[in-house]
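The file query.tsv comes next; it holds TSV, C-alpha atoms.
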chain	number	residue	atom	x	y	z
A	1	MET	CA	78.35	92.09	130.74
A	2	THR	CA	75.65	89.87	132.25
A	3	ASP	CA	75.43	88.95	135.92
A	4	SER	CA	76.64	85.43	135.20
A	5	GLN	CA	79.68	86.79	133.37
A	6	LYS	CA	80.45	89.12	136.28
A	7	TRP	CA	80.29	86.23	138.74
A	8	LEU	CA	82.51	84.20	136.42
A	9	VAL	CA	85.11	86.98	136.39
A	10	LEU	CA	85.01	87.24	140.19
A	11	ALA	CA	85.36	83.47	140.48
A	12	LEU	CA	88.35	83.49	138.14
A	13	ILE	CA	90.00	86.29	140.16
A	14	ALA	CA	89.42	84.40	143.42
A	15	PHE	CA	90.75	81.19	141.89
A	16	GLY	CA	93.80	83.06	140.60
A	17	GLY	CA	94.53	84.50	144.04
A	18	TRP	CA	94.18	81.07	145.63
A	19	LEU	CA	96.48	79.57	143.00
A	20	VAL	CA	99.10	82.27	143.59
A	21	TYR	CA	98.93	81.53	147.31
A	22	LEU	CA	99.54	77.83	146.71
A	23	LEU	CA	102.31	78.35	144.16
A	24	SER	CA	104.04	81.26	145.92
A	25	PRO	CA	107.27	79.29	146.65
A	26	VAL	CA	107.53	78.24	143.00
A	27	LEU	CA	106.57	81.64	141.57
A	28	MET	CA	109.36	83.57	143.30
A	29	PRO	CA	112.00	83.33	140.51
A	30	PHE	CA	109.39	84.09	137.84
A	31	VAL	CA	108.03	87.15	139.65
A	32	PHE	CA	111.56	88.42	140.29
A	33	SER	CA	112.44	87.85	136.64
A	34	ALA	CA	109.28	89.65	135.49
A	35	ILE	CA	110.17	92.68	137.64
A	36	LEU	CA	113.71	92.75	136.22
A	37	ALA	CA	112.36	92.44	132.68
A	38	TYR	CA	109.86	95.24	133.30
A	39	LEU	CA	112.64	97.46	134.64
A	40	GLY	CA	114.86	96.75	131.66
A	41	ASP	CA	112.27	96.96	128.88
A	42	PRO	CA	112.35	100.78	128.37
A	43	LEU	CA	116.13	100.81	127.91
A	44	THR	CA	115.85	97.84	125.57
A	45	ASP	CA	113.27	99.69	123.48
A	46	ARG	CA	115.54	102.74	123.28
A	47	LEU	CA	118.50	100.66	122.11
A	48	GLU	CA	116.26	98.93	119.61
A	49	ALA	CA	115.25	102.34	118.26
A	50	HIS	CA	118.95	103.04	117.60
A	51	ARG	CA	119.12	100.31	114.94
A	52	LEU	CA	120.04	97.42	117.23
A	53	SER	CA	118.12	94.20	116.94
A	54	ARG	CA	115.91	93.15	119.85
A	55	THR	CA	118.30	90.35	120.80
A	56	GLN	CA	121.32	92.66	120.67
A	57	SER	CA	119.52	95.24	122.79
A	58	VAL	CA	118.55	92.59	125.32
A	59	LEU	CA	122.14	91.35	125.50
A	60	VAL	CA	123.40	94.87	126.25
A	61	VAL	CA	120.77	95.51	128.93
A	62	PHE	CA	121.17	92.04	130.40
A	63	SER	CA	124.95	92.47	130.60
A	64	VAL	CA	124.59	95.84	132.34
A	65	MET	CA	122.10	94.43	134.87
A	66	SER	CA	124.36	91.44	135.54
A	67	LEU	CA	127.38	93.70	136.01
A	68	VAL	CA	125.51	95.89	138.49
A	69	LEU	CA	124.38	92.82	140.44
A	70	VAL	CA	127.91	91.43	140.57
A	71	LEU	CA	129.27	94.78	141.78
A	72	VAL	CA	126.64	94.91	144.52
A	73	LEU	CA	127.39	91.36	145.62
A	74	PHE	CA	131.16	91.70	145.67
A	75	LEU	CA	131.58	95.33	146.75
A	76	LEU	CA	128.58	96.53	148.74
A	77	ILE	CA	127.48	93.46	150.69
A	78	PRO	CA	130.92	92.68	152.23
A	79	GLN	CA	131.23	96.30	153.39
A	80	LEU	CA	127.77	96.18	154.94
A	81	GLU	CA	128.65	92.91	156.65
A	82	VAL	CA	131.79	94.46	158.14
A	83	GLN	CA	129.89	97.48	159.43
A	84	ILE	CA	127.15	95.32	160.94
A	85	ALA	CA	129.76	93.16	162.67
A	86	ASN	CA	131.56	96.25	163.98
A	87	PHE	CA	128.27	97.69	165.23
A	88	LEU	CA	127.38	94.49	167.08
A	89	GLY	CA	130.87	94.30	168.57
A	90	SER	CA	130.69	97.92	169.72
A	91	LEU	CA	127.26	97.67	171.35
A	92	PRO	CA	128.63	97.38	174.94
A	93	ALA	CA	130.84	100.45	174.42
A	94	TYR	CA	127.92	102.36	172.91
A	95	ALA	CA	125.71	101.49	175.90
A	96	GLU	CA	128.38	102.68	178.33
A	97	LYS	CA	128.81	105.95	176.46
A	98	ILE	CA	125.06	106.54	176.44
A	99	ASN	CA	124.82	105.89	180.17
A	100	GLY	CA	127.90	107.93	181.03
A	101	ALA	CA	127.51	110.95	178.78
A	102	LEU	CA	124.28	111.21	176.78
A	103	LEU	CA	121.70	110.43	179.50
A	104	PRO	CA	123.26	112.76	182.12
A	105	TRP	CA	123.46	115.56	179.52
A	106	LEU	CA	119.78	115.12	178.60
A	107	GLU	CA	118.79	115.14	182.25
A	108	HIS	CA	120.88	118.24	183.00
A	109	ARG	CA	119.91	120.13	179.85
A	110	PHE	CA	116.23	119.30	179.43
A	111	GLY	CA	115.24	117.70	182.72
A	112	ILE	CA	114.52	114.39	180.98
A	113	THR	CA	115.06	111.37	183.19
A	114	LEU	CA	115.55	108.16	181.26
A	115	LYS	CA	116.29	104.65	182.44
A	116	PRO	CA	119.97	103.76	181.96
A	117	VAL	CA	120.70	101.25	179.26
A	118	ASP	CA	121.35	97.85	180.84
A	119	THR	CA	124.44	96.62	179.04
A	120	SER	CA	124.00	93.01	180.03
A	121	GLU	CA	120.33	93.05	179.06
A	122	LEU	CA	121.19	94.67	175.71
A	123	ILE	CA	123.87	92.09	175.04
A	124	ASN	CA	121.53	89.24	175.97
A	125	ILE	CA	118.85	90.59	173.61
A	126	VAL	CA	121.33	90.91	170.77
A	127	LYS	CA	122.80	87.50	171.48
A	128	SER	CA	119.39	85.85	171.61
A	129	HIS	CA	118.37	87.34	168.27
A	130	TRP	CA	121.77	86.63	166.80
A	131	GLN	CA	121.67	83.05	168.03
A	132	LYS	CA	118.15	82.71	166.67
A	133	ALA	CA	119.31	83.95	163.29
A	134	GLY	CA	122.33	81.68	163.53
A	135	GLY	CA	120.10	78.76	164.48
A	136	ILE	CA	117.95	79.38	161.46
A	137	ALA	CA	121.04	79.51	159.27
A	138	VAL	CA	122.42	76.31	160.81
A	139	THR	CA	119.08	74.57	160.42
A	140	THR	CA	118.83	75.73	156.84
A	141	MET	CA	122.33	74.61	156.00
A	142	SER	CA	121.86	71.24	157.70
A	143	SER	CA	118.61	70.68	155.83
A	144	LEU	CA	120.37	71.66	152.62
A	145	SER	CA	123.10	69.16	153.34
A	146	ARG	CA	120.56	66.41	154.03
A	147	SER	CA	118.31	67.11	151.10
A	148	GLY	CA	119.77	66.95	147.65
A	149	GLY	CA	116.40	68.01	146.23
A	150	VAL	CA	116.52	71.29	148.14
A	151	ILE	CA	120.01	72.00	146.84
A	152	VAL	CA	118.90	71.24	143.31
A	153	GLY	CA	115.86	73.50	143.76
A	154	PHE	CA	117.99	76.36	145.07
A	155	LEU	CA	120.45	76.04	142.20
A	156	MET	CA	117.58	75.83	139.73
A	157	ASN	CA	116.21	79.12	141.04
A	158	LEU	CA	119.62	80.74	140.63
A	159	VAL	CA	119.75	79.51	137.05
A	160	LEU	CA	116.09	80.24	136.31
A	161	ILE	CA	116.18	83.93	137.21
A	162	PRO	CA	118.69	85.04	134.54
A	163	VAL	CA	117.29	82.65	131.93
A	164	VAL	CA	113.65	83.67	132.46
A	165	THR	CA	114.65	87.35	132.66
A	166	PHE	CA	116.44	87.11	129.31
A	167	TYR	CA	113.51	85.49	127.50
A	168	LEU	CA	110.91	87.76	129.09
A	169	LEU	CA	112.97	90.82	128.19
A	170	ARG	CA	113.40	89.61	124.62
A	171	ASP	CA	109.71	88.77	124.09
A	172	TRP	CA	108.14	91.45	126.34
A	173	ASP	CA	106.53	93.47	123.55
A	174	ILE	CA	105.30	90.30	121.84
A	175	LEU	CA	103.68	89.05	125.05
A	176	VAL	CA	101.97	92.39	125.65
A	177	ALA	CA	100.66	92.45	122.07
A	178	LYS	CA	99.31	88.90	122.34
A	179	ILE	CA	97.52	89.65	125.62
A	180	TYR	CA	96.02	92.76	124.06
A	181	GLY	CA	94.94	90.73	121.05
A	182	LEU	CA	92.98	88.30	123.27
A	183	LEU	CA	90.83	91.03	124.79
A	184	PRO	CA	87.23	91.48	123.59
A	185	ARG	CA	87.12	94.23	120.99
A	186	ARG	CA	84.41	96.21	122.77
A	187	ILE	CA	86.64	96.84	125.81
A	188	THR	CA	89.97	97.36	124.06
A	189	ALA	CA	89.80	101.18	124.23
A	190	THR	CA	89.03	101.19	127.96
A	191	THR	CA	91.58	98.47	128.61
A	192	ALA	CA	94.28	100.34	126.71
A	193	LYS	CA	93.55	103.48	128.73
A	194	LEU	CA	93.69	101.61	132.04
A	195	ALA	CA	96.82	99.74	130.97
A	196	GLY	CA	98.53	103.03	130.16
A	197	GLU	CA	97.64	104.43	133.58
A	198	VAL	CA	98.82	101.23	135.28
A	199	ASP	CA	102.10	101.36	133.36
A	200	THR	CA	102.61	104.99	134.40
A	201	VAL	CA	102.08	104.19	138.08
A	202	LEU	CA	104.14	101.00	137.97
A	203	SER	CA	106.94	102.84	136.21
A	204	ALA	CA	106.94	105.44	138.95
A	205	PHE	CA	107.11	102.82	141.68
A	206	LEU	CA	109.27	100.07	140.21
A	207	ARG	CA	111.60	102.14	138.06
A	208	GLY	CA	111.55	105.68	139.40
A	209	GLN	CA	111.35	104.90	143.09
A	210	PHE	CA	114.07	102.26	142.78
A	211	TYR	CA	116.41	104.81	141.24
A	212	VAL	CA	115.47	107.38	143.90
A	213	MET	CA	116.17	104.89	146.69
A	214	LEU	CA	119.52	103.97	145.16
A	215	ALA	CA	120.50	107.61	144.65
A	216	LEU	CA	119.50	108.61	148.18
A	217	GLY	CA	121.36	105.65	149.64
A	218	CYS	CA	124.51	106.73	147.81
A	219	ILE	CA	124.07	110.40	148.79
A	220	TYR	CA	123.52	109.62	152.46
A	221	SER	CA	126.36	107.07	152.57
A	222	VAL	CA	128.89	109.35	150.90
A	223	GLY	CA	127.83	112.34	152.97
A	224	LEU	CA	128.05	110.48	156.27
A	225	TRP	CA	131.40	109.03	155.20
A	226	ILE	CA	132.71	112.57	154.59
A	227	VAL	CA	131.42	113.54	158.05
A	228	GLY	CA	133.48	110.67	159.44
A	229	LEU	CA	130.73	108.41	160.77
A	230	ASP	CA	131.88	104.82	161.21
A	231	LEU	CA	128.51	103.34	160.21
A	232	ALA	CA	128.09	105.61	157.18
A	233	LEU	CA	127.35	102.87	154.62
A	234	LEU	CA	124.98	100.96	156.88
A	235	ILE	CA	122.96	104.03	157.92
A	236	GLY	CA	122.96	105.54	154.43
A	237	MET	CA	121.72	102.37	152.77
A	238	LEU	CA	119.09	101.91	155.49
A	239	ALA	CA	117.80	105.45	154.97
A	240	GLY	CA	117.73	104.97	151.20
A	241	LEU	CA	115.97	101.62	151.48
A	242	VAL	CA	113.01	102.96	153.50
A	243	SER	CA	112.71	106.17	151.50
A	244	PHE	CA	109.93	104.69	149.33
A	245	VAL	CA	107.64	106.24	151.97
A	246	PRO	CA	108.00	110.04	151.78
A	247	TYR	CA	110.14	111.50	154.58
A	248	LEU	CA	110.43	108.14	156.38
A	249	GLY	CA	113.93	107.50	155.07
A	250	ALA	CA	115.15	110.92	156.17
A	251	ILE	CA	113.52	110.60	159.61
A	252	VAL	CA	114.92	107.12	160.26
A	253	GLY	CA	118.32	108.05	158.87
A	254	ILE	CA	118.75	111.30	160.78
A	255	VAL	CA	117.64	109.75	164.10
A	256	VAL	CA	120.00	106.79	163.75
A	257	ALA	CA	122.85	108.92	162.36
A	258	CYS	CA	122.55	111.54	165.11
A	259	THR	CA	122.53	108.84	167.77
A	260	ALA	CA	125.61	107.22	166.23
A	261	ALA	CA	127.35	110.60	165.94
A	262	LEU	CA	126.70	111.45	169.60
A	263	VAL	CA	128.01	108.07	170.72
A	264	GLN	CA	131.07	108.26	168.47
A	265	PHE	CA	132.11	111.94	168.80
A	266	HIS	CA	130.54	113.04	172.16
A	267	GLU	CA	129.94	116.50	170.71
A	268	LEU	CA	126.71	118.20	169.77
A	269	THR	CA	128.47	120.17	167.05
A	270	GLN	CA	128.87	116.93	165.10
A	271	LEU	CA	125.11	116.78	164.69
A	272	ILE	CA	125.22	119.81	162.41
A	273	PRO	CA	127.09	118.15	159.50
A	274	VAL	CA	124.90	115.05	159.90
A	275	ALA	CA	121.77	117.21	159.62
A	276	VAL	CA	123.29	119.00	156.61
A	277	VAL	CA	123.78	115.65	154.84
A	278	PHE	CA	120.11	114.73	155.19
A	279	LEU	CA	119.01	118.26	154.37
A	280	ILE	CA	120.96	118.08	151.12
A	281	GLY	CA	119.52	114.62	150.41
A	282	GLN	CA	115.95	115.79	151.00
A	283	SER	CA	116.50	118.89	148.88
A	284	LEU	CA	117.85	116.83	145.99
A	285	GLU	CA	115.00	114.34	146.35
A	286	GLY	CA	112.32	117.04	146.27
A	287	THR	CA	113.80	119.20	143.51
A	288	VAL	CA	115.68	116.78	141.26
A	289	LEU	CA	115.30	113.05	141.95
A	290	THR	CA	111.55	112.62	142.50
A	291	PRO	CA	110.41	115.08	139.77
A	292	LYS	CA	112.82	113.61	137.20
A	293	LEU	CA	112.64	109.90	138.06
A	294	VAL	CA	109.18	109.43	139.59
A	295	GLY	CA	106.99	112.35	138.56
A	296	ASP	CA	103.70	113.32	140.17
A	297	LYS	CA	101.46	110.49	138.98
A	298	ILE	CA	101.96	107.91	141.74
A	299	GLY	CA	98.95	108.88	143.83
A	300	LEU	CA	99.43	106.33	146.64
A	301	HIS	CA	99.29	107.74	150.15
A	302	PRO	CA	102.26	106.81	152.39
A	303	VAL	CA	99.89	104.99	154.76
A	304	ALA	CA	98.58	102.96	151.81
A	305	VAL	CA	102.16	102.08	150.87
A	306	ILE	CA	102.96	100.84	154.38
A	307	PHE	CA	99.71	98.87	154.63
A	308	SER	CA	100.23	97.29	151.19
A	309	VAL	CA	103.72	96.06	152.05
A	310	MET	CA	102.67	94.71	155.45
A	311	ALA	CA	99.53	93.04	154.08
A	312	GLY	CA	101.44	91.49	151.20
A	313	GLY	CA	104.09	90.12	153.53
A	314	GLN	CA	101.46	88.73	155.89
A	315	LEU	CA	99.52	86.97	153.12
A	316	PHE	CA	102.22	85.74	150.75
A	317	GLY	CA	105.56	86.26	152.51
A	318	PHE	CA	108.43	87.75	150.52
A	319	LEU	CA	106.52	87.19	147.28
A	320	GLY	CA	103.73	89.35	148.70
A	321	ILE	CA	106.22	92.10	149.54
A	322	LEU	CA	107.46	92.06	145.94
A	323	LEU	CA	103.93	92.20	144.57
A	324	ALA	CA	102.44	94.58	147.16
A	325	LEU	CA	103.15	97.91	145.50
A	326	PRO	CA	102.43	96.81	141.92
A	327	ILE	CA	99.09	95.31	142.95
A	328	ALA	CA	98.24	98.35	145.08
A	329	SER	CA	99.03	100.59	142.10
A	330	ILE	CA	96.77	98.55	139.82
A	331	ILE	CA	93.96	98.60	142.37
A	332	MET	CA	94.36	102.36	142.72
A	333	VAL	CA	94.00	102.83	138.95
A	334	PHE	CA	90.82	100.73	138.89
A	335	LEU	CA	89.42	102.60	141.89
A	336	ARG	CA	90.00	105.88	140.05
A	337	HIS	CA	88.14	104.46	137.07
A	338	VAL	CA	85.25	103.31	139.30
A	339	HIS	CA	85.23	106.73	140.94
A	340	ASP	CA	84.91	108.45	137.55
A	341	ILE	CA	82.06	106.11	136.56
A	342	TYR	CA	80.29	106.85	139.85
A	343	ARG	CA	80.65	110.61	139.42
A	344	ASP	CA	79.16	110.35	135.93
A	345	SER	CA	76.30	108.10	136.99
A	346	GLU	CA	72.67	109.13	137.39
A	347	PHE	CA	72.72	107.87	140.98
A	348	TYR	CA	75.35	110.47	141.93
A	349	ALA	CA	73.76	113.25	139.85
A	350	LYS	CA	70.31	112.72	141.35
A	351	GLY	CA	71.69	112.60	144.88
Give the structure from this file in structure tokens form.
Amino acid sequence: MTDSQKWLVLALIAFGGWLVYLLSPVLMPFVFSAILAYLGDPLTDRLEAHRLSRTQSVLVVFSVMSLVLVLVLFLLIPQLEVQIANFLGSLPAYAEKINGALLPWLEHRFGITLKPVDTSELINIVKSHWQKAGGIAVTTMSSLSRSGGVIVGFLMNLVLIPVVTFYLLRDWDILVAKIYGLLPRRITATTAKLAGEVDTVLSAFLRGQFYVMLALGCIYSVGLWIVGLDLALLIGMLAGLVSFVPYLGAIVGIVVACTAALVQFHELTQLIPVAVVFLIGQSLEGTVLTPKLVGDKIGLHPVAVIFSVMAGGQLFGFLGILLALPIASIIMVFLRHVHDIYRDSEFYAKG
């Protein structure tokens, strides 16, 4: 590749990034559909191998994905909403219990002196954020009511996601083959190798880690529900959601769950079953879930994961959050390739 060709490639990459930035509001349903299609493609291929046509396989997978989404919308979200409302309504009582029981016990037991929780200040903070969120919702709804174009755009996105997902899932293998066919023949072997590594890493993140997060959320929620914690579903799903960073989900979950258990039960002995729940979850994650669903080929450091998500959100909003880990995985694969080239170069050998 000549210098002019290299500069052309860099210019095309920069132009593509700028175009994504400009079109990020429009690209959201297509990116979301592409992720869903990528998640569903392996199962579709397996069904197709069992003598089903591609369209029949897609219909089965699409129906299963739609059913799961409907169950989440109609079963999980209302329960989470109830628990969040109960938590917000119980905040004053929680603050009083912390001031009256937990803080004196900590001071007597460990000599730790902490500032009492100001109930009125806590309520004002919650109200201000709640009112802000409510104001945003009211503003959004009022703008929706005034703008028929916005309503049409929102409905179009709702319709576009399943439609685009269906067609991408049906033609996924064809699209991949056509892209491969457009590549220059002299780089096809290297490209195929890199594409295989990228697919392995993306599978671990988008497929495996999603299943791990879902499984951990269910394990934590059910376990805390058996313990008798009122906020079991909320805390369990929160811990499962942030578990894409190793140990972060368990740390966040156990801190929040232990605090809620102390406030609710007023007994230190109740911390033991809470700790057992997260110990079981971590054991299952390390011995069963991660080895079976993710494997050991991810290679992204937890700090890199956090930085990727934050940088993506800062640059492109929610679209950047969706694309952060896939792009970071692709960059990691290319950096490994560059590292191997460097180690094999004369510059490194002579140094």
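Nearest residue to Gly249 of chain A, choosing from A:Ile187, A:Leu216, A:Leu234, A:Val82 and counting all atoms listed in the file: A:Leu216.
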Quiz item: How many Å separate atom CA of Met65 of chain A from atom CA of Pro25 of chain A?
Solution: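 Straight-line distance from atom CA of Met65 of chain A to atom CA of Pro25 of chain A works out to 24.2 Å.
Here the question is which of A:Ile330, A:Leu202, A:Val263, A:Val61 gets nearest to Pro92 of chain A using all atoms listed in the file, and that residue is A:Val263.
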Checklist entry - Interatomic distance between atom CA of Phe334 of chain A and atom CA of Glu285 of chain A? => result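 Atom CA of Glu285 of chain A lies at a distance of 28.7 Å from atom CA of Phe334 of chain A.
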Would you compute the distance between atom CA of Pro29 of chain A and atom CA of Leu323 of chain A? Give it in Å to one decimal.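 Separation between atom CA of Pro29 of chain A and atom CA of Leu323 of chain A: 12.7 Å.
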Discussion item. Using all atoms listed in the file for the distances, tell me which of A:Leu43, A:Leu319, A:Met310, A:Ile35 is nearest to Thr165 of chain A.
Written reply: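 Looking at the shortest contact to Thr165 of chain A, the residue is A:Ile35.
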Counting all atoms listed in the file, which residues in segment 201-226 of chain A sit no more than 9 Å from segment 287-294 of chain A? For each one, give the nearest pair of atoms and the distance in Å, sorted by chain then residue number, as CSV.
residue,atom,partner,partner_atom,distance
A:Val201,CA,A:Val294,CA,9.0
A:Ser203,CA,A:Val294,CA,7.7
A:Ala204,CA,A:Val294,CA,4.6
A:Phe205,CA,A:Val294,CA,7.2
A:Arg207,CA,A:Leu293,CA,7.8
A:Gly208,CA,A:Val294,CA,4.4
A:Gln209,CA,A:Val294,CA,6.1
A:Tyr211,CA,A:Leu293,CA,7.1
A:Val212,CA,A:Leu289,CA,6.0
A:Ala215,CA,A:Leu289,CA,8.0
A:Leu216,CA,A:Leu289,CA,8.7
request  = Considering all atoms listed in the file, return as a list in words whatever protein or nucleic-acid residues lie within 12 Å of Val242 of chain A, sequence-local ones (same chain, fewer than 5 positions apart) excluded.
outcome  = Gln209, Phe210, Val212, Met213, Leu214, Leu216, Gly217, Ile235, Gly236, Met237, Tyr247, Leu248, Gly249, Ala250, Ile251, Val252, Gly253, Pro302, Val305, Ile306 and Val309 of chain A
Can you take the partial segment 174-195 of chain A, add N, CA, C and O atoms, and return it as a PDB file, in the coordinates of the input?
ATOM      1  N   ILE A 174     106.129  91.325 122.499  1.00  0.00           N
ATOM      2  CA  ILE A 174     105.300  90.300 121.840  1.00  0.00           C
ATOM      3  C   ILE A 174     104.235  89.787 122.797  1.00  0.00           C
ATOM      4  O   ILE A 174     103.067  89.617 122.426  1.00  0.00           O
ATOM      5  N   LEU A 175     104.630  89.534 124.049  1.00  0.00           N
ATOM      6  CA  LEU A 175     103.680  89.050 125.050  1.00  0.00           C
ATOM      7  C   LEU A 175     102.570  90.067 125.312  1.00  0.00           C
ATOM      8  O   LEU A 175     101.390  89.709 125.407  1.00  0.00           O
ATOM      9  N   VAL A 176     102.962  91.336 125.420  1.00  0.00           N
ATOM     10  CA  VAL A 176     101.970  92.390 125.650  1.00  0.00           C
ATOM     11  C   VAL A 176     100.989  92.472 124.476  1.00  0.00           C
ATOM     12  O   VAL A 176      99.770  92.605 124.664  1.00  0.00           O
ATOM     13  N   ALA A 177     101.520  92.379 123.250  1.00  0.00           N
ATOM     14  CA  ALA A 177     100.660  92.450 122.070  1.00  0.00           C
ATOM     15  C   ALA A 177      99.705  91.261 121.999  1.00  0.00           C
ATOM     16  O   ALA A 177      98.527  91.404 121.635  1.00  0.00           O
ATOM     17  N   LYS A 178     100.173  90.081 122.387  1.00  0.00           N
ATOM     18  CA  LYS A 178      99.310  88.900 122.340  1.00  0.00           C
ATOM     19  C   LYS A 178      98.205  88.986 123.397  1.00  0.00           C
ATOM     20  O   LYS A 178      97.057  88.606 123.141  1.00  0.00           O
ATOM     21  N   ILE A 179      98.554  89.478 124.581  1.00  0.00           N
ATOM     22  CA  ILE A 179      97.520  89.650 125.620  1.00  0.00           C
ATOM     23  C   ILE A 179      96.481  90.667 125.168  1.00  0.00           C
ATOM     24  O   ILE A 179      95.276  90.467 125.343  1.00  0.00           O
ATOM     25  N   TYR A 180      96.942  91.747 124.567  1.00  0.00           N
ATOM     26  CA  TYR A 180      96.020  92.760 124.060  1.00  0.00           C
ATOM     27  C   TYR A 180      95.129  92.195 122.968  1.00  0.00           C
ATOM     28  O   TYR A 180      93.941  92.519 122.871  1.00  0.00           O
ATOM     29  N   GLY A 181      95.713  91.313 122.130  1.00  0.00           N
ATOM     30  CA  GLY A 181      94.940  90.730 121.050  1.00  0.00           C
ATOM     31  C   GLY A 181      93.860  89.769 121.522  1.00  0.00           C
ATOM     32  O   GLY A 181      92.912  89.491 120.795  1.00  0.00           O
ATOM     33  N   LEU A 182      93.971  89.226 122.738  1.00  0.00           N
ATOM     34  CA  LEU A 182      92.980  88.300 123.270  1.00  0.00           C
ATOM     35  C   LEU A 182      91.793  89.007 123.912  1.00  0.00           C
ATOM     36  O   LEU A 182      90.777  88.374 124.193  1.00  0.00           O
ATOM     37  N   LEU A 183      91.902  90.306 124.128  1.00  0.00           N
ATOM     38  CA  LEU A 183      90.830  91.030 124.790  1.00  0.00           C
ATOM     39  C   LEU A 183      89.631  91.213 123.865  1.00  0.00           C
ATOM     40  O   LEU A 183      89.801  91.358 122.644  1.00  0.00           O
ATOM     41  N   PRO A 184      88.410  91.192 124.422  1.00  0.00           N
ATOM     42  CA  PRO A 184      87.230  91.480 123.590  1.00  0.00           C
ATOM     43  C   PRO A 184      87.325  92.867 122.974  1.00  0.00           C
ATOM     44  O   PRO A 184      87.746  93.827 123.627  1.00  0.00           O
ATOM     45  N   ARG A 185      86.927  92.970 121.722  1.00  0.00           N
ATOM     46  CA  ARG A 185      87.120  94.230 120.990  1.00  0.00           C
ATOM     47  C   ARG A 185      86.342  95.399 121.609  1.00  0.00           C
ATOM     48  O   ARG A 185      86.756  96.545 121.514  1.00  0.00           O
ATOM     49  N   ARG A 186      85.224  95.116 122.260  1.00  0.00           N
ATOM     50  CA  ARG A 186      84.410  96.210 122.770  1.00  0.00           C
ATOM     51  C   ARG A 186      85.031  96.881 124.000  1.00  0.00           C
ATOM     52  O   ARG A 186      84.600  97.967 124.404  1.00  0.00           O
ATOM     53  N   ILE A 187      86.020  96.240 124.621  1.00  0.00           N
ATOM     54  CA  ILE A 187      86.640  96.840 125.810  1.00  0.00           C
ATOM     55  C   ILE A 187      88.104  97.195 125.570  1.00  0.00           C
ATOM     56  O   ILE A 187      88.814  97.554 126.509  1.00  0.00           O
ATOM     57  N   THR A 188      88.555  97.108 124.328  1.00  0.00           N
ATOM     58  CA  THR A 188      89.970  97.360 124.060  1.00  0.00           C
ATOM     59  C   THR A 188      90.358  98.814 124.358  1.00  0.00           C
ATOM     60  O   THR A 188      91.443  99.080 124.886  1.00  0.00           O
ATOM     61  N   ALA A 189      89.477  99.764 124.008  1.00  0.00           N
ATOM     62  CA  ALA A 189      89.800 101.180 124.230  1.00  0.00           C
ATOM     63  C   ALA A 189      89.940 101.466 125.726  1.00  0.00           C
ATOM     64  O   ALA A 189      90.914 102.089 126.175  1.00  0.00           O
ATOM     65  N   THR A 190      88.970 100.989 126.513  1.00  0.00           N
ATOM     66  CA  THR A 190      89.030 101.190 127.960  1.00  0.00           C
ATOM     67  C   THR A 190      90.222 100.459 128.568  1.00  0.00           C
ATOM     68  O   THR A 190      90.927 100.990 129.440  1.00  0.00           O
ATOM     69  N   THR A 191      90.455  99.245 128.093  1.00  0.00           N
ATOM     70  CA  THR A 191      91.580  98.470 128.610  1.00  0.00           C
ATOM     71  C   THR A 191      92.906  99.135 128.286  1.00  0.00           C
ATOM     72  O   THR A 191      93.816  99.173 129.124  1.00  0.00           O
ATOM     73  N   ALA A 192      93.045  99.660 127.081  1.00  0.00           N
ATOM     74  CA  ALA A 192      94.280 100.340 126.710  1.00  0.00           C
ATOM     75  C   ALA A 192      94.511 101.579 127.575  1.00  0.00           C
ATOM     76  O   ALA A 192      95.639 101.857 128.003  1.00  0.00           O
ATOM     77  N   LYS A 193      93.425 102.311 127.871  1.00  0.00           N
ATOM     78  CA  LYS A 193      93.550 103.480 128.730  1.00  0.00           C
ATOM     79  C   LYS A 193      93.978 103.090 130.132  1.00  0.00           C
ATOM     80  O   LYS A 193      94.910 103.678 130.708  1.00  0.00           O
ATOM     81  N   LEU A 194      93.330 102.064 130.696  1.00  0.00           N
ATOM     82  CA  LEU A 194      93.690 101.610 132.040  1.00  0.00           C
ATOM     83  C   LEU A 194      95.104 101.041 132.065  1.00  0.00           C
ATOM     84  O   LEU A 194      95.852 101.258 133.024  1.00  0.00           O
ATOM     85  N   ALA A 195      95.478 100.306 131.020  1.00  0.00           N
ATOM     86  CA  ALA A 195      96.820  99.740 130.970  1.00  0.00           C
ATOM     87  C   ALA A 195      97.880 100.835 130.919  1.00  0.00           C
ATOM     88  O   ALA A 195      98.943 100.716 131.536  1.00  0.00           O
TER      89      ALA A 195
END
